[in-house]
Structure formats: structure tokens, C-alpha cells
Amino acid sequence: MNVPFLDFKTDYLRFKEEYDDAYYRVMESGRYILGEELELFEHKFANYCRTDYCIGVGNGLEALFLVLKSWNIGPGDEIIVPANTFIATWLAVTWTGAKPVPIEPDEKTYNITVQEVEKSLTSKTKVIIPVHLYGQPVDIKPINELATQFGLKVLEDAAQAHGAEFNHERTGGMADAAAFSFYPSKNLGAYGDGGAITTNDKRLADHLKLLRNYGSEKKYSHSIPGLNSRLDELQAAFLQTKLIHLDESNKIRKNIADQYKMSLKKSHLTLPFVHKLADPVWHQYVVRTKVREKIQAHLRNNSIETIIHYPIPPHLSAAYTNLGYKPGDFPISETLSNEIISLPIGTHLTSEMINYIIDSIIKFELMEVSNE
């Protein structure tokens with residue numbers, strides 16, 4: 001049996017008629033940028049996130065950057081970011097000219113905490129960016145309270161957490177603004193690149209709409225120096241279809257995560273920890289093991305694809321040698337990067353595939369015991 005980590009074609013075939021209808025609807029409209037499909041998606045996604053506004057943009061990285069730009073973040077400013085995250089979170093800060101200030105995560109949830117944030121505050125701190133990593137929502141309320149105390153902004157990086165909730169509060173509406181990615185692998189993924197920003201701040205939303213479109217509200221009239229970062233009509237139409245089925249798809253992921261939890265709880269793997277108030281959407285199912293290379297090789301030999309999210313923490317990336325960090329500076333993040341491995345999860349998996357993955361891991365466990 002072959003078990004791919006991702007399978008976009010299977011996802012397409014699940015709702016083929018709906019996707020095809022969306023495609024022809026856009027193609028026959030003759031309007032491909034900033035049209036009715038985008039407006040409809042923005043309205044629907046804002047409602048889904050329980051926010052007043054949604055602004056569709058080019059991708060998740062630009063979503064983060066555009067918010068920071070709208071908040072006038074620039075050289076001399078410091079932005080608190082997780083030490084363990086995809087590098088895009090850091091890059092958005094770098095693009096503004098500000099300095100990313102990394103902090104360690106909680107070793108159980110892999111997300112940042114208010115305690116670590118407070119330790120890193122300086123007079124230059126302007127924004128805190130919590131990342132809802134792997135679809136696990138951050139306990140963001142105490143972070144918001146700390147930010148209010150010091151006059152700071154909080155920007156959710158919700159690129160991996162479409163629909164996740166903490167204490168019945170949904171990602172996208174937990175802070176001053178949130179940035180989403182619609183990269184194809186996301187729980188709410190497009191068939192190309194795409195991103196969005198959600199907020200309850202009308203002034204910010206209005207500014208972002210100008211900023212994403214060359215600083216223009218009316219053609220050839222430019223009120224600010226803007227950029228070109230627009231979610232196109234075709235992707236907006238596809239995303240409307242996917243949004244209809246998002247909760248159903250997230251439920252499938254949750255069921256797979258429950259199967260992993262029940263079947264692998266006696267294995268050597270460190271399984272994901274879920275806070276009692278958290279309702280994750282399992283963008284990734286990430287486990288820890290000190291024998292990662294061996295178990296990954298075993299699963300690969302059994303035609304099961306796994307991925308490491310992420311093997312190199314940003315502070316040790318060649319892109320950030322200028323910051324002067326060295327191995328050992330963020331030991332929790334570095335340990336995680338050396339031990340984590342993501343098991344397949346998603347709507348493309350059949351019951352047979354899930355059982356096959358579980359059985360293969362149990363067989364690995366037995367082989368390891370017999371070799372001791």
C-alpha cells in the first residue's frame with residue numbers, strides 16, 4: 001500500500017462538480033481580479049472567523065507583512081516571534097526592516113506563552129506574533145492583556161489553523177488582526193497561492209485594501225505607495241467551495257488524530273498535547289522521537305510518506321546569520337527540530353491507510369524491542 005503525505009487530486013475529486021462550477025463561473029464572468037467572487041469570499045470568511053472584515057491578498061507571507069506595514073512597523077522596531085515556526089513569520093518582520101525577536105515555546109504545546117513574551121519585552125517592542133502552530137491554537141488572552149498593558153499590537157499567524165478554537169474563541173478573531181495562508185496544503189487550501197487578513201478594525205481594513213492594490217481605490221488614482229498583493233477571482237471561487245466543507249474536513253482530521261492517539265498511546269512516540277480549552281484542527285499531526293531517522297526510514301520502506309516540520313529553526317538558517325545566533329541559544333526549539341516528525345493526516349486518507357500507518361509504527365516498535 002502507498003500512503004502519500006498529501007494528495008491534492010483526491011481532494012479535488014471529492015467535490016469535482018462544485019470546483020468545476022466555480023471554475024466556469026469565473027471564466028465566463030470575464031472578471032479575474034478584484035471582482036464579485038473575492039467580495040463574496042471575504043464576506044463569508046469574515047463571518048466564519050467571527051470578524052467584521054476580511055481582506056484577500058496574494059499569500060500568507062504578504063498577509064503578515066501588509067499588516068505590519070499598515071501598523072508603520074520599520075527599522076528600529078522589535079517584533080516578538082516564536083523560535084520554532086516556519087520562516088515566513090520571521091521574513092514578514094524582516095521585510096519591514098524591523099528585528100525579529102525569537103522566544104522559546106512551551107515544550108508541551110509547541111506554542112508561545114505570555115511568560116516567555118514578557119521576558120523579551122523592551123522599549124523597542126511593537127508587535128507580538130503568536131503562531132497557531134500545526135493547527136493548535138495559542139492561549140492568546142493573557143498575551144492580549146499584556147499587549148494592552150504595554151500599548152502593543154498582537155498579530156495572529158493563523159496560516160495553519162483555519163477553524164481552530166481556544167475557549168470557544170476562533171482563530172482569526174482573537175487579536176488585533178490575523179494572517180492566513182491558503183497554500184494548497186492548508187486545511188483551507190486554494191489551487192494556487194493565496195492569503196487573507198481578518199480584523200475588526202475598520203481603519204486597518206480600509207488601509208489594507210488600498211495597500212494591496214497599488215495604494216489605489218480608484219483606477220490610476222493612488223493615495224499611498226501600495227503594493228500588488230491580491231487574491232484572484234479563481235482562487236476566491238475555489239475557496240468559497242472549500243469553505244462550505246471546511247468544518248467537515250476538519251472533523252475528518254480530528255477523527256484521524258483520535259485514532260492515532262488511541263492506537264499509539266503505548267508507543268515510544270511523544271504524542272501531541274492538547275490543552276483542555278483548545279480545539280485544534282490538526283493541520284499536522286506531529287510526534288516526537290529520538291530515533292526519527294530510523295522510524296522515518298522504516299515508514300518510507302513501507303511506502304508511507306512523512307515530513308519534518310521544520311528541520312532547521314529560523315535562528316540557525318543561513319538567512320539569519322546576521323543576527324548572530326548559534327546552536328544552543330534556543331534549546332527547546334532546537335530539540336524539537338531534531339525530534340519531530342509529521343505523520344500523514346488529511347481527507348485523502350482511507351481507513352485502510354490509517355490502519356496501515358498505525359500497524360507499521362507498531363511493527364517498528366516490536367522490531368526495536370527485539371533488537372535491544
# chains A, B, ... in the order shown; residues from 1 in each chain; ligands from 1
call {"tool": "residues_around", "arguments": {"residues": "stretch 114-128 of chain A", "least_positions_apart": "6", "cutoff": "12 Å", "atoms": "only C-alpha atoms", "output": "ChimeraX atom specification"}}
result
/A:64,67-69,71-83,89-90,93,98-107,138-157,175-178
call {"tool": "write_last_selection", "arguments": {"atoms": "C-alpha atoms", "output": "JSON list (two decimals), in the first residue's frame"}}
result
[["chain", "number", "residue", "atom", "x", "y", "z"],
["A", 64, "LEU", "CA", 1.66, 39.17, 7.69],
["A", 67, "VAL", "CA", -0.49, 44.19, 8.47],
["A", 68, "LEU", "CA", 2.92, 45.12, 9.89],
["A", 69, "LYS", "CA", 3.33, 47.71, 7.13],
["A", 71, "TRP", "CA", 0.96, 49.49, 11.54],
["A", 72, "ASN", "CA", 4.02, 51.50, 10.42],
["A", 73, "ILE", "CA", 6.49, 48.90, 11.65],
["A", 74, "GLY", "CA", 10.01, 49.62, 10.43],
["A", 75, "PRO", "CA", 13.71, 49.87, 11.25],
["A", 76, "GLY", "CA", 14.43, 50.13, 14.97],
["A", 77, "ASP", "CA", 11.30, 48.21, 15.95],
["A", 78, "GLU", "CA", 11.30, 44.75, 17.55],
["A", 79, "ILE", "CA", 8.70, 42.08, 16.88],
["A", 80, "ILE", "CA", 8.35, 39.03, 19.13],
["A", 81, "VAL", "CA", 8.12, 35.77, 17.16],
["A", 82, "PRO", "CA", 8.35, 32.08, 18.04],
["A", 83, "ALA", "CA", 11.78, 30.50, 17.71],
["A", 89, "THR", "CA", 6.77, 34.52, 10.19],
["A", 90, "TRP", "CA", 10.28, 35.92, 10.54],
["A", 93, "VAL", "CA", 9.24, 41.11, 10.03],
["A", 98, "ALA", "CA", 12.30, 45.56, 11.94],
["A", 99, "LYS", "CA", 14.07, 42.92, 14.04],
["A", 100, "PRO", "CA", 12.51, 39.53, 14.83],
["A", 101, "VAL", "CA", 12.99, 38.69, 18.49],
["A", 102, "PRO", "CA", 12.57, 34.91, 18.95],
["A", 103, "ILE", "CA", 11.27, 33.28, 22.10],
["A", 104, "GLU", "CA", 11.05, 29.64, 23.14],
["A", 105, "PRO", "CA", 7.75, 27.73, 23.03],
["A", 106, "ASP", "CA", 6.08, 25.73, 25.73],
["A", 107, "GLU", "CA", 7.57, 22.26, 25.34],
["A", 138, "VAL", "CA", -2.45, 29.59, 21.24],
["A", 139, "ASP", "CA", -3.78, 30.65, 24.65],
["A", 140, "ILE", "CA", -3.85, 34.22, 23.42],
["A", 141, "LYS", "CA", -5.99, 36.04, 26.02],
["A", 142, "PRO", "CA", -3.13, 36.67, 28.52],
["A", 143, "ILE", "CA", -0.91, 37.78, 25.62],
["A", 144, "ASN", "CA", -3.57, 40.29, 24.57],
["A", 145, "GLU", "CA", -3.81, 41.57, 28.14],
["A", 146, "LEU", "CA", -0.05, 42.03, 28.33],
["A", 147, "ALA", "CA", -0.07, 43.81, 24.96],
["A", 148, "THR", "CA", -2.79, 46.19, 26.12],
["A", 149, "GLN", "CA", -0.79, 46.96, 29.26],
["A", 150, "PHE", "CA", 2.25, 47.99, 27.19],
["A", 151, "GLY", "CA", 0.45, 49.51, 24.18],
["A", 152, "LEU", "CA", 1.46, 46.73, 21.77],
["A", 153, "LYS", "CA", -0.30, 45.09, 18.84],
["A", 154, "VAL", "CA", -0.96, 41.34, 18.54],
["A", 155, "LEU", "CA", -1.00, 39.68, 15.12],
["A", 156, "GLU", "CA", -2.12, 36.06, 14.88],
["A", 157, "ASP", "CA", -0.23, 33.91, 12.42],
["A", 175, "ALA", "CA", -6.30, 39.59, 18.36],
["A", 176, "ASP", "CA", -5.90, 42.94, 16.59],
["A", 177, "ALA", "CA", -5.56, 41.15, 13.26],
["A", 178, "ALA", "CA", -4.80, 37.71, 11.85]]
call {"tool": "closest_atom_pairs", "arguments": {"of": "stretch 307-356 of chain A", "to": "stretch 250-261 of chain A", "cutoff": "8 Å", "atoms": "only C-alpha atoms", "output": "JSON lines"}}
result
{"residue": "A:Ile345", "atom": "CA", "partner": "A:Arg253", "partner_atom": "CA", "distance": 6.3}
{"residue": "A:Gly346", "atom": "CA", "partner": "A:Arg253", "partner_atom": "CA", "distance": 5.6}
{"residue": "A:Thr347", "atom": "CA", "partner": "A:Ile252", "partner_atom": "CA", "distance": 6.4}
{"residue": "A:Ile354", "atom": "CA", "partner": "A:Ile256", "partner_atom": "CA", "distance": 7.5}
call {"tool": "write_last_selection", "arguments": {"atoms": "N, CA and C atoms", "output": "mmCIF file, in the first residue's frame"}}
result
data_model
loop_
_atom_site.group_PDB
_atom_site.id
_atom_site.type_symbol
_atom_site.label_atom_id
_atom_site.label_comp_id
_atom_site.auth_asym_id
_atom_site.auth_seq_id
_atom_site.Cartn_x
_atom_site.Cartn_y
_atom_site.Cartn_z
ATOM 1 N N ILE A 345 -1.892 13.021 7.587
ATOM 2 C CA ILE A 345 -3.231 13.336 8.096
ATOM 3 C C ILE A 345 -3.944 14.148 7.031
ATOM 4 N N GLY A 346 -5.217 13.890 6.822
ATOM 5 C CA GLY A 346 -5.961 14.641 5.816
ATOM 6 C C GLY A 346 -7.106 13.839 5.247
ATOM 7 N N THR A 347 -7.923 14.496 4.437
ATOM 8 C CA THR A 347 -9.127 13.873 3.899
ATOM 9 C C THR A 347 -8.820 12.838 2.828
ATOM 10 N N ILE A 354 -4.986 4.507 7.231
ATOM 11 C CA ILE A 354 -4.733 4.893 8.627
ATOM 12 C C ILE A 354 -4.320 3.662 9.446
#
call {"tool": "residues_around", "arguments": {"residues": "A:Ser360", "least_positions_apart": "5", "cutoff": "10 Å", "atoms": "only C-alpha atoms", "output": "list in words"}}
result
Ile295, His298, Leu299, Asn302, Ile304, Ile354, Asn355, Glu365 and Leu366 of chain A
call {"tool": "select_by_dssp", "arguments": {"residues": "stretch 107-310 of chain A", "states": "strand (DSSP E)", "output": "PyMOL selection string"}}
result
chain A and resi 125-128+153-157+165-166+169-170+177-181+195-199+216-218+221-222+278-279+285-288
call {"tool": "write_last_selection", "arguments": {"atoms": "C-alpha atoms", "output": "PDB file, in the first residue's frame"}}
result
ATOM      1  CA  THR A 125       8.862  46.042  21.141  1.00  0.00           C
ATOM      2  CA  LYS A 126       5.888  46.945  18.950  1.00  0.00           C
ATOM      3  CA  VAL A 127       4.104  43.715  17.985  1.00  0.00           C
ATOM      4  CA  ILE A 128       3.722  40.136  19.246  1.00  0.00           C
ATOM      5  CA  LYS A 153      -0.301  45.092  18.839  1.00  0.00           C
ATOM      6  CA  VAL A 154      -0.961  41.343  18.538  1.00  0.00           C
ATOM      7  CA  LEU A 155      -0.995  39.681  15.119  1.00  0.00           C
ATOM      8  CA  GLU A 156      -2.119  36.060  14.878  1.00  0.00           C
ATOM      9  CA  ASP A 157      -0.226  33.915  12.416  1.00  0.00           C
ATOM     10  CA  GLU A 165     -10.693  27.477  18.686  1.00  0.00           C
ATOM     11  CA  PHE A 166      -9.444  28.188  22.196  1.00  0.00           C
ATOM     12  CA  GLU A 169     -12.907  31.749  20.543  1.00  0.00           C
ATOM     13  CA  ARG A 170     -11.974  31.143  16.903  1.00  0.00           C
ATOM     14  CA  ALA A 177      -5.558  41.148  13.257  1.00  0.00           C
ATOM     15  CA  ALA A 178      -4.801  37.708  11.853  1.00  0.00           C
ATOM     16  CA  ALA A 179      -2.960  36.479   8.781  1.00  0.00           C
ATOM     17  CA  PHE A 180      -4.000  33.341   6.899  1.00  0.00           C
ATOM     18  CA  SER A 181      -2.370  31.317   4.146  1.00  0.00           C
ATOM     19  CA  GLY A 195      -3.844  34.575   1.684  1.00  0.00           C
ATOM     20  CA  ALA A 196      -6.123  36.782   3.746  1.00  0.00           C
ATOM     21  CA  ILE A 197      -6.220  39.110   6.725  1.00  0.00           C
ATOM     22  CA  THR A 198      -9.084  39.237   9.218  1.00  0.00           C
ATOM     23  CA  THR A 199      -9.752  42.035  11.696  1.00  0.00           C
ATOM     24  CA  SER A 216      -5.433  52.778  -5.252  1.00  0.00           C
ATOM     25  CA  GLU A 217      -9.150  52.826  -4.558  1.00  0.00           C
ATOM     26  CA  LYS A 218      -9.966  54.285  -7.976  1.00  0.00           C
ATOM     27  CA  SER A 221      -5.561  57.379  -8.502  1.00  0.00           C
ATOM     28  CA  HIS A 222      -3.016  56.389  -5.822  1.00  0.00           C
ATOM     29  CA  ALA A 278      -8.167  24.006  22.919  1.00  0.00           C
ATOM     30  CA  ASP A 279      -9.983  22.654  19.880  1.00  0.00           C
ATOM     31  CA  TYR A 285      -0.051  15.540  13.372  1.00  0.00           C
ATOM     32  CA  VAL A 286       3.420  15.992  14.828  1.00  0.00           C
ATOM     33  CA  VAL A 287       5.033  13.426  17.124  1.00  0.00           C
ATOM     34  CA  ARG A 288       8.448  13.347  18.765  1.00  0.00           C
TER      35      ARG A 288
END
call {"tool": "atom_distance", "arguments": {"atom1": "atom CA of A:Glu334", "atom2": "atom CA of A:Leu316"}}
result
9.0 Å
call {"tool": "select_by_dssp", "arguments": {"residues": "stretch 41-151 of chain A", "states": "helix (DSSP H, G or I)", "output": "PDB file with N, CA and C atoms, in the first residue's frame"}}
result
ATOM      1  N   PHE A  41     -16.193  35.830  -1.079  1.00  0.00           N
ATOM      2  CA  PHE A  41     -15.349  35.035  -0.197  1.00  0.00           C
ATOM      3  C   PHE A  41     -14.956  35.830   1.037  1.00  0.00           C
ATOM      4  N   GLU A  42     -14.573  37.087   0.859  1.00  0.00           N
ATOM      5  CA  GLU A  42     -14.182  37.915   2.007  1.00  0.00           C
ATOM      6  C   GLU A  42     -15.317  38.013   3.012  1.00  0.00           C
ATOM      7  N   HIS A  43     -16.519  38.185   2.533  1.00  0.00           N
ATOM      8  CA  HIS A  43     -17.687  38.270   3.426  1.00  0.00           C
ATOM      9  C   HIS A  43     -17.889  36.946   4.172  1.00  0.00           C
ATOM     10  N   LYS A  44     -17.820  35.837   3.439  1.00  0.00           N
ATOM     11  CA  LYS A  44     -18.062  34.519   4.040  1.00  0.00           C
ATOM     12  C   LYS A  44     -16.955  34.128   5.016  1.00  0.00           C
ATOM     13  N   PHE A  45     -15.712  34.430   4.666  1.00  0.00           N
ATOM     14  CA  PHE A  45     -14.617  34.034   5.556  1.00  0.00           C
ATOM     15  C   PHE A  45     -14.588  34.908   6.803  1.00  0.00           C
ATOM     16  N   ALA A  46     -14.932  36.187   6.667  1.00  0.00           N
ATOM     17  CA  ALA A  46     -15.039  37.054   7.849  1.00  0.00           C
ATOM     18  C   ALA A  46     -16.111  36.503   8.794  1.00  0.00           C
ATOM     19  N   ASN A  47     -17.240  36.107   8.249  1.00  0.00           N
ATOM     20  CA  ASN A  47     -18.294  35.517   9.078  1.00  0.00           C
ATOM     21  C   ASN A  47     -17.812  34.236   9.749  1.00  0.00           C
ATOM     22  N   TYR A  48     -17.083  33.426   9.005  1.00  0.00           N
ATOM     23  CA  TYR A  48     -16.582  32.168   9.554  1.00  0.00           C
ATOM     24  C   TYR A  48     -15.639  32.424  10.726  1.00  0.00           C
ATOM     25  N   CYS A  49     -14.793  33.433  10.588  1.00  0.00           N
ATOM     26  CA  CYS A  49     -13.821  33.770  11.640  1.00  0.00           C
ATOM     27  C   CYS A  49     -14.423  34.655  12.729  1.00  0.00           C
ATOM     28  N   GLY A  60       0.190  34.016   2.354  1.00  0.00           N
ATOM     29  CA  GLY A  60       0.256  34.181   3.806  1.00  0.00           C
ATOM     30  C   GLY A  60       1.373  35.079   4.273  1.00  0.00           C
ATOM     31  N   LEU A  61       2.536  34.997   3.624  1.00  0.00           N
ATOM     32  CA  LEU A  61       3.656  35.869   3.984  1.00  0.00           C
ATOM     33  C   LEU A  61       3.292  37.334   3.780  1.00  0.00           C
ATOM     34  N   GLU A  62       2.675  37.632   2.645  1.00  0.00           N
ATOM     35  CA  GLU A  62       2.287  39.020   2.374  1.00  0.00           C
ATOM     36  C   GLU A  62       1.169  39.477   3.310  1.00  0.00           C
ATOM     37  N   ALA A  63       0.331  38.545   3.744  1.00  0.00           N
ATOM     38  CA  ALA A  63      -0.711  38.904   4.721  1.00  0.00           C
ATOM     39  C   ALA A  63      -0.066  39.431   6.000  1.00  0.00           C
ATOM     40  N   LEU A  64       0.942  38.725   6.492  1.00  0.00           N
ATOM     41  CA  LEU A  64       1.663  39.172   7.688  1.00  0.00           C
ATOM     42  C   LEU A  64       2.341  40.522   7.437  1.00  0.00           C
ATOM     43  N   PHE A  65       3.044  40.615   6.330  1.00  0.00           N
ATOM     44  CA  PHE A  65       3.808  41.836   6.016  1.00  0.00           C
ATOM     45  C   PHE A  65       2.898  43.050   5.874  1.00  0.00           C
ATOM     46  N   LEU A  66       1.782  42.883   5.182  1.00  0.00           N
ATOM     47  CA  LEU A  66       0.897  44.018   4.937  1.00  0.00           C
ATOM     48  C   LEU A  66       0.314  44.577   6.229  1.00  0.00           C
ATOM     49  N   VAL A  67       0.012  43.703   7.176  1.00  0.00           N
ATOM     50  CA  VAL A  67      -0.490  44.185   8.472  1.00  0.00           C
ATOM     51  C   VAL A  67       0.605  44.976   9.183  1.00  0.00           C
ATOM     52  N   LEU A  68       1.811  44.412   9.242  1.00  0.00           N
ATOM     53  CA  LEU A  68       2.916  45.123   9.894  1.00  0.00           C
ATOM     54  C   LEU A  68       3.179  46.460   9.210  1.00  0.00           C
ATOM     55  N   LYS A  69       3.126  46.473   7.889  1.00  0.00           N
ATOM     56  CA  LYS A  69       3.333  47.707   7.130  1.00  0.00           C
ATOM     57  C   LYS A  69       2.249  48.735   7.460  1.00  0.00           C
ATOM     58  N   SER A  70       1.016  48.261   7.585  1.00  0.00           N
ATOM     59  CA  SER A  70      -0.099  49.161   7.910  1.00  0.00           C
ATOM     60  C   SER A  70       0.034  49.745   9.312  1.00  0.00           C
ATOM     61  N   ALA A  88       8.516  31.992   7.286  1.00  0.00           N
ATOM     62  CA  ALA A  88       7.713  33.105   6.768  1.00  0.00           C
ATOM     63  C   ALA A  88       7.347  34.106   7.859  1.00  0.00           C
ATOM     64  N   THR A  89       7.107  33.622   9.079  1.00  0.00           N
ATOM     65  CA  THR A  89       6.768  34.518  10.185  1.00  0.00           C
ATOM     66  C   THR A  89       7.891  35.526  10.406  1.00  0.00           C
ATOM     67  N   TRP A  90       9.118  35.046  10.373  1.00  0.00           N
ATOM     68  CA  TRP A  90      10.282  35.922  10.543  1.00  0.00           C
ATOM     69  C   TRP A  90      10.476  36.823   9.325  1.00  0.00           C
ATOM     70  N   LEU A  91      10.298  36.272   8.134  1.00  0.00           N
ATOM     71  CA  LEU A  91      10.543  37.034   6.907  1.00  0.00           C
ATOM     72  C   LEU A  91       9.639  38.258   6.809  1.00  0.00           C
ATOM     73  N   ALA A  92       8.398  38.116   7.250  1.00  0.00           N
ATOM     74  CA  ALA A  92       7.489  39.262   7.208  1.00  0.00           C
ATOM     75  C   ALA A  92       8.028  40.421   8.037  1.00  0.00           C
ATOM     76  N   VAL A  93       8.624  40.089   9.174  1.00  0.00           N
ATOM     77  CA  VAL A  93       9.238  41.114  10.028  1.00  0.00           C
ATOM     78  C   VAL A  93      10.447  41.720   9.331  1.00  0.00           C
ATOM     79  N   THR A  94      11.278  40.866   8.768  1.00  0.00           N
ATOM     80  CA  THR A  94      12.498  41.330   8.100  1.00  0.00           C
ATOM     81  C   THR A  94      12.179  42.267   6.948  1.00  0.00           C
ATOM     82  N   TRP A  95      11.131  41.963   6.195  1.00  0.00           N
ATOM     83  CA  TRP A  95      10.746  42.816   5.064  1.00  0.00           C
ATOM     84  C   TRP A  95      10.440  44.246   5.499  1.00  0.00           C
ATOM     85  N   THR A  96       9.973  44.435   6.729  1.00  0.00           N
ATOM     86  CA  THR A  96       9.654  45.789   7.197  1.00  0.00           C
ATOM     87  C   THR A  96      10.903  46.555   7.625  1.00  0.00           C
ATOM     88  N   VAL A 114       2.603  33.625  27.456  1.00  0.00           N
ATOM     89  CA  VAL A 114       2.722  35.008  27.907  1.00  0.00           C
ATOM     90  C   VAL A 114       3.956  35.194  28.784  1.00  0.00           C
ATOM     91  N   GLN A 115       4.350  34.157  29.518  1.00  0.00           N
ATOM     92  CA  GLN A 115       5.524  34.261  30.393  1.00  0.00           C
ATOM     93  C   GLN A 115       6.788  34.523  29.584  1.00  0.00           C
ATOM     94  N   GLU A 116       6.943  33.796  28.477  1.00  0.00           N
ATOM     95  CA  GLU A 116       8.122  33.983  27.630  1.00  0.00           C
ATOM     96  C   GLU A 116       8.070  35.309  26.886  1.00  0.00           C
ATOM     97  N   VAL A 117       6.873  35.719  26.493  1.00  0.00           N
ATOM     98  CA  VAL A 117       6.723  37.019  25.835  1.00  0.00           C
ATOM     99  C   VAL A 117       7.189  38.133  26.760  1.00  0.00           C
ATOM    100  N   GLU A 118       6.722  38.093  28.000  1.00  0.00           N
ATOM    101  CA  GLU A 118       7.033  39.170  28.954  1.00  0.00           C
ATOM    102  C   GLU A 118       8.529  39.298  29.202  1.00  0.00           C
ATOM    103  N   LYS A 119       9.243  38.169  29.199  1.00  0.00           N
ATOM    104  CA  LYS A 119      10.689  38.200  29.428  1.00  0.00           C
ATOM    105  C   LYS A 119      11.441  38.956  28.331  1.00  0.00           C
ATOM    106  N   LEU A 133       0.614  26.978  15.802  1.00  0.00           N
ATOM    107  CA  LEU A 133       1.438  26.009  15.091  1.00  0.00           C
ATOM    108  C   LEU A 133       0.758  24.652  14.951  1.00  0.00           C
ATOM    109  N   TYR A 134       0.840  24.109  13.748  1.00  0.00           N
ATOM    110  CA  TYR A 134       0.296  22.779  13.416  1.00  0.00           C
ATOM    111  C   TYR A 134      -1.223  22.701  13.582  1.00  0.00           C
ATOM    112  N   GLY A 135      -1.885  23.855  13.706  1.00  0.00           N
ATOM    113  CA  GLY A 135      -3.332  23.855  13.923  1.00  0.00           C
ATOM    114  C   GLY A 135      -3.736  23.839  15.377  1.00  0.00           C
ATOM    115  N   LYS A 141      -5.385  35.013  25.169  1.00  0.00           N
ATOM    116  CA  LYS A 141      -5.985  36.042  26.023  1.00  0.00           C
ATOM    117  C   LYS A 141      -4.966  36.721  26.933  1.00  0.00           C
ATOM    118  N   PRO A 142      -4.119  35.982  27.678  1.00  0.00           N
ATOM    119  CA  PRO A 142      -3.127  36.672  28.517  1.00  0.00           C
ATOM    120  C   PRO A 142      -2.096  37.460  27.705  1.00  0.00           C
ATOM    121  N   ILE A 143      -1.825  37.028  26.486  1.00  0.00           N
ATOM    122  CA  ILE A 143      -0.912  37.780  25.621  1.00  0.00           C
ATOM    123  C   ILE A 143      -1.555  39.098  25.217  1.00  0.00           C
ATOM    124  N   ASN A 144      -2.845  39.056  24.889  1.00  0.00           N
ATOM    125  CA  ASN A 144      -3.569  40.293  24.566  1.00  0.00           C
ATOM    126  C   ASN A 144      -3.577  41.254  25.751  1.00  0.00           C
ATOM    127  N   GLU A 145      -3.776  40.717  26.942  1.00  0.00           N
ATOM    128  CA  GLU A 145      -3.814  41.566  28.136  1.00  0.00           C
ATOM    129  C   GLU A 145      -2.463  42.226  28.378  1.00  0.00           C
ATOM    130  N   LEU A 146      -1.393  41.465  28.180  1.00  0.00           N
ATOM    131  CA  LEU A 146      -0.046  42.031  28.330  1.00  0.00           C
ATOM    132  C   LEU A 146       0.198  43.104  27.273  1.00  0.00           C
ATOM    133  N   ALA A 147      -0.243  42.847  26.047  1.00  0.00           N
ATOM    134  CA  ALA A 147      -0.066  43.814  24.963  1.00  0.00           C
ATOM    135  C   ALA A 147      -0.808  45.113  25.258  1.00  0.00           C
ATOM    136  N   THR A 148      -2.016  45.001  25.773  1.00  0.00           N
ATOM    137  CA  THR A 148      -2.786  46.193  26.123  1.00  0.00           C
ATOM    138  C   THR A 148      -2.077  46.999  27.204  1.00  0.00           C
ATOM    139  N   GLN A 149      -1.497  46.298  28.162  1.00  0.00           N
ATOM    140  CA  GLN A 149      -0.785  46.956  29.261  1.00  0.00           C
ATOM    141  C   GLN A 149       0.382  47.793  28.744  1.00  0.00           C
ATOM    142  N   PHE A 150       1.054  47.304  27.692  1.00  0.00           N
ATOM    143  CA  PHE A 150       2.249  47.995  27.190  1.00  0.00           C
ATOM    144  C   PHE A 150       2.015  48.704  25.853  1.00  0.00           C
TER     145      PHE A 150
END
call {"tool": "closest_residue", "arguments": {"among": "A:Ile224, A:Tyr110, A:Tyr191, A:Leu34", "to": "A:Thr335", "atoms": "only C-alpha atoms"}}
result
A:Tyr110
call {"tool": "residues_around", "arguments": {"residues": "A:Tyr12", "least_positions_apart": "5", "cutoff": "10 Å", "atoms": "only C-alpha atoms", "output": "list in words"}}
result
Asp7, Glu17, Glu18, Tyr19, Asp20, Tyr191, Lys242 and His348 of chain A
call {"tool": "write_last_selection", "arguments": {"atoms": "N, CA and C atoms", "output": "PDB file, in the first residue's frame"}}
result
ATOM      1  N   ASP A   7      -2.363  14.577  -1.107  1.00  0.00           N
ATOM      2  CA  ASP A   7      -2.926  14.111  -2.370  1.00  0.00           C
ATOM      3  C   ASP A   7      -3.987  15.114  -2.806  1.00  0.00           C
ATOM      4  N   GLU A  17     -17.568  18.438  -9.099  1.00  0.00           N
ATOM      5  CA  GLU A  17     -18.605  19.223  -9.763  1.00  0.00           C
ATOM      6  C   GLU A  17     -18.657  20.649  -9.216  1.00  0.00           C
ATOM      7  N   GLU A  18     -18.497  20.790  -7.906  1.00  0.00           N
ATOM      8  CA  GLU A  18     -18.535  22.121  -7.303  1.00  0.00           C
ATOM      9  C   GLU A  18     -17.330  22.961  -7.729  1.00  0.00           C
ATOM     10  N   TYR A  19     -16.152  22.340  -7.754  1.00  0.00           N
ATOM     11  CA  TYR A  19     -14.957  23.070  -8.195  1.00  0.00           C
ATOM     12  C   TYR A  19     -15.057  23.447  -9.670  1.00  0.00           C
ATOM     13  N   ASP A  20     -15.558  22.529 -10.468  1.00  0.00           N
ATOM     14  CA  ASP A  20     -15.701  22.817 -11.899  1.00  0.00           C
ATOM     15  C   ASP A  20     -16.707  23.928 -12.137  1.00  0.00           C
ATOM     16  N   TYR A 191      -6.079  26.317  -4.988  1.00  0.00           N
ATOM     17  CA  TYR A 191      -5.381  25.560  -6.036  1.00  0.00           C
ATOM     18  C   TYR A 191      -4.332  26.467  -6.683  1.00  0.00           C
ATOM     19  N   LYS A 242     -14.483  25.356  -0.893  1.00  0.00           N
ATOM     20  CA  LYS A 242     -13.788  24.657   0.195  1.00  0.00           C
ATOM     21  C   LYS A 242     -14.296  25.085   1.567  1.00  0.00           C
ATOM     22  N   HIS A 348      -7.576  12.782   2.361  1.00  0.00           N
ATOM     23  CA  HIS A 348      -7.223  11.803   1.324  1.00  0.00           C
ATOM     24  C   HIS A 348      -6.974  10.412   1.893  1.00  0.00           C
TER      25      HIS A 348
END
call {"tool": "atom_distance", "arguments": {"atom1": "atom CA of A:Ala319", "atom2": "atom CA of A:Ala159"}}
result
21.2 Å
call {"tool": "atom_distance", "arguments": {"atom1": "atom CA of A:Ser267", "atom2": "atom CA of A:Ile362"}}
result
7.3 Å
call {"tool": "closest_residue", "arguments": {"among": "A:Lys276, A:Lys290, A:His162, A:Lys265", "to": "A:Thr109", "atoms": "only C-alpha atoms"}}
result
A:Lys276
call {"tool": "closest_residue", "arguments": {"among": "A:Ile308, A:Leu336, A:Ile358, A:Ala158", "to": "A:Lys266", "atoms": "only C-alpha atoms"}}
result
A:Ile358
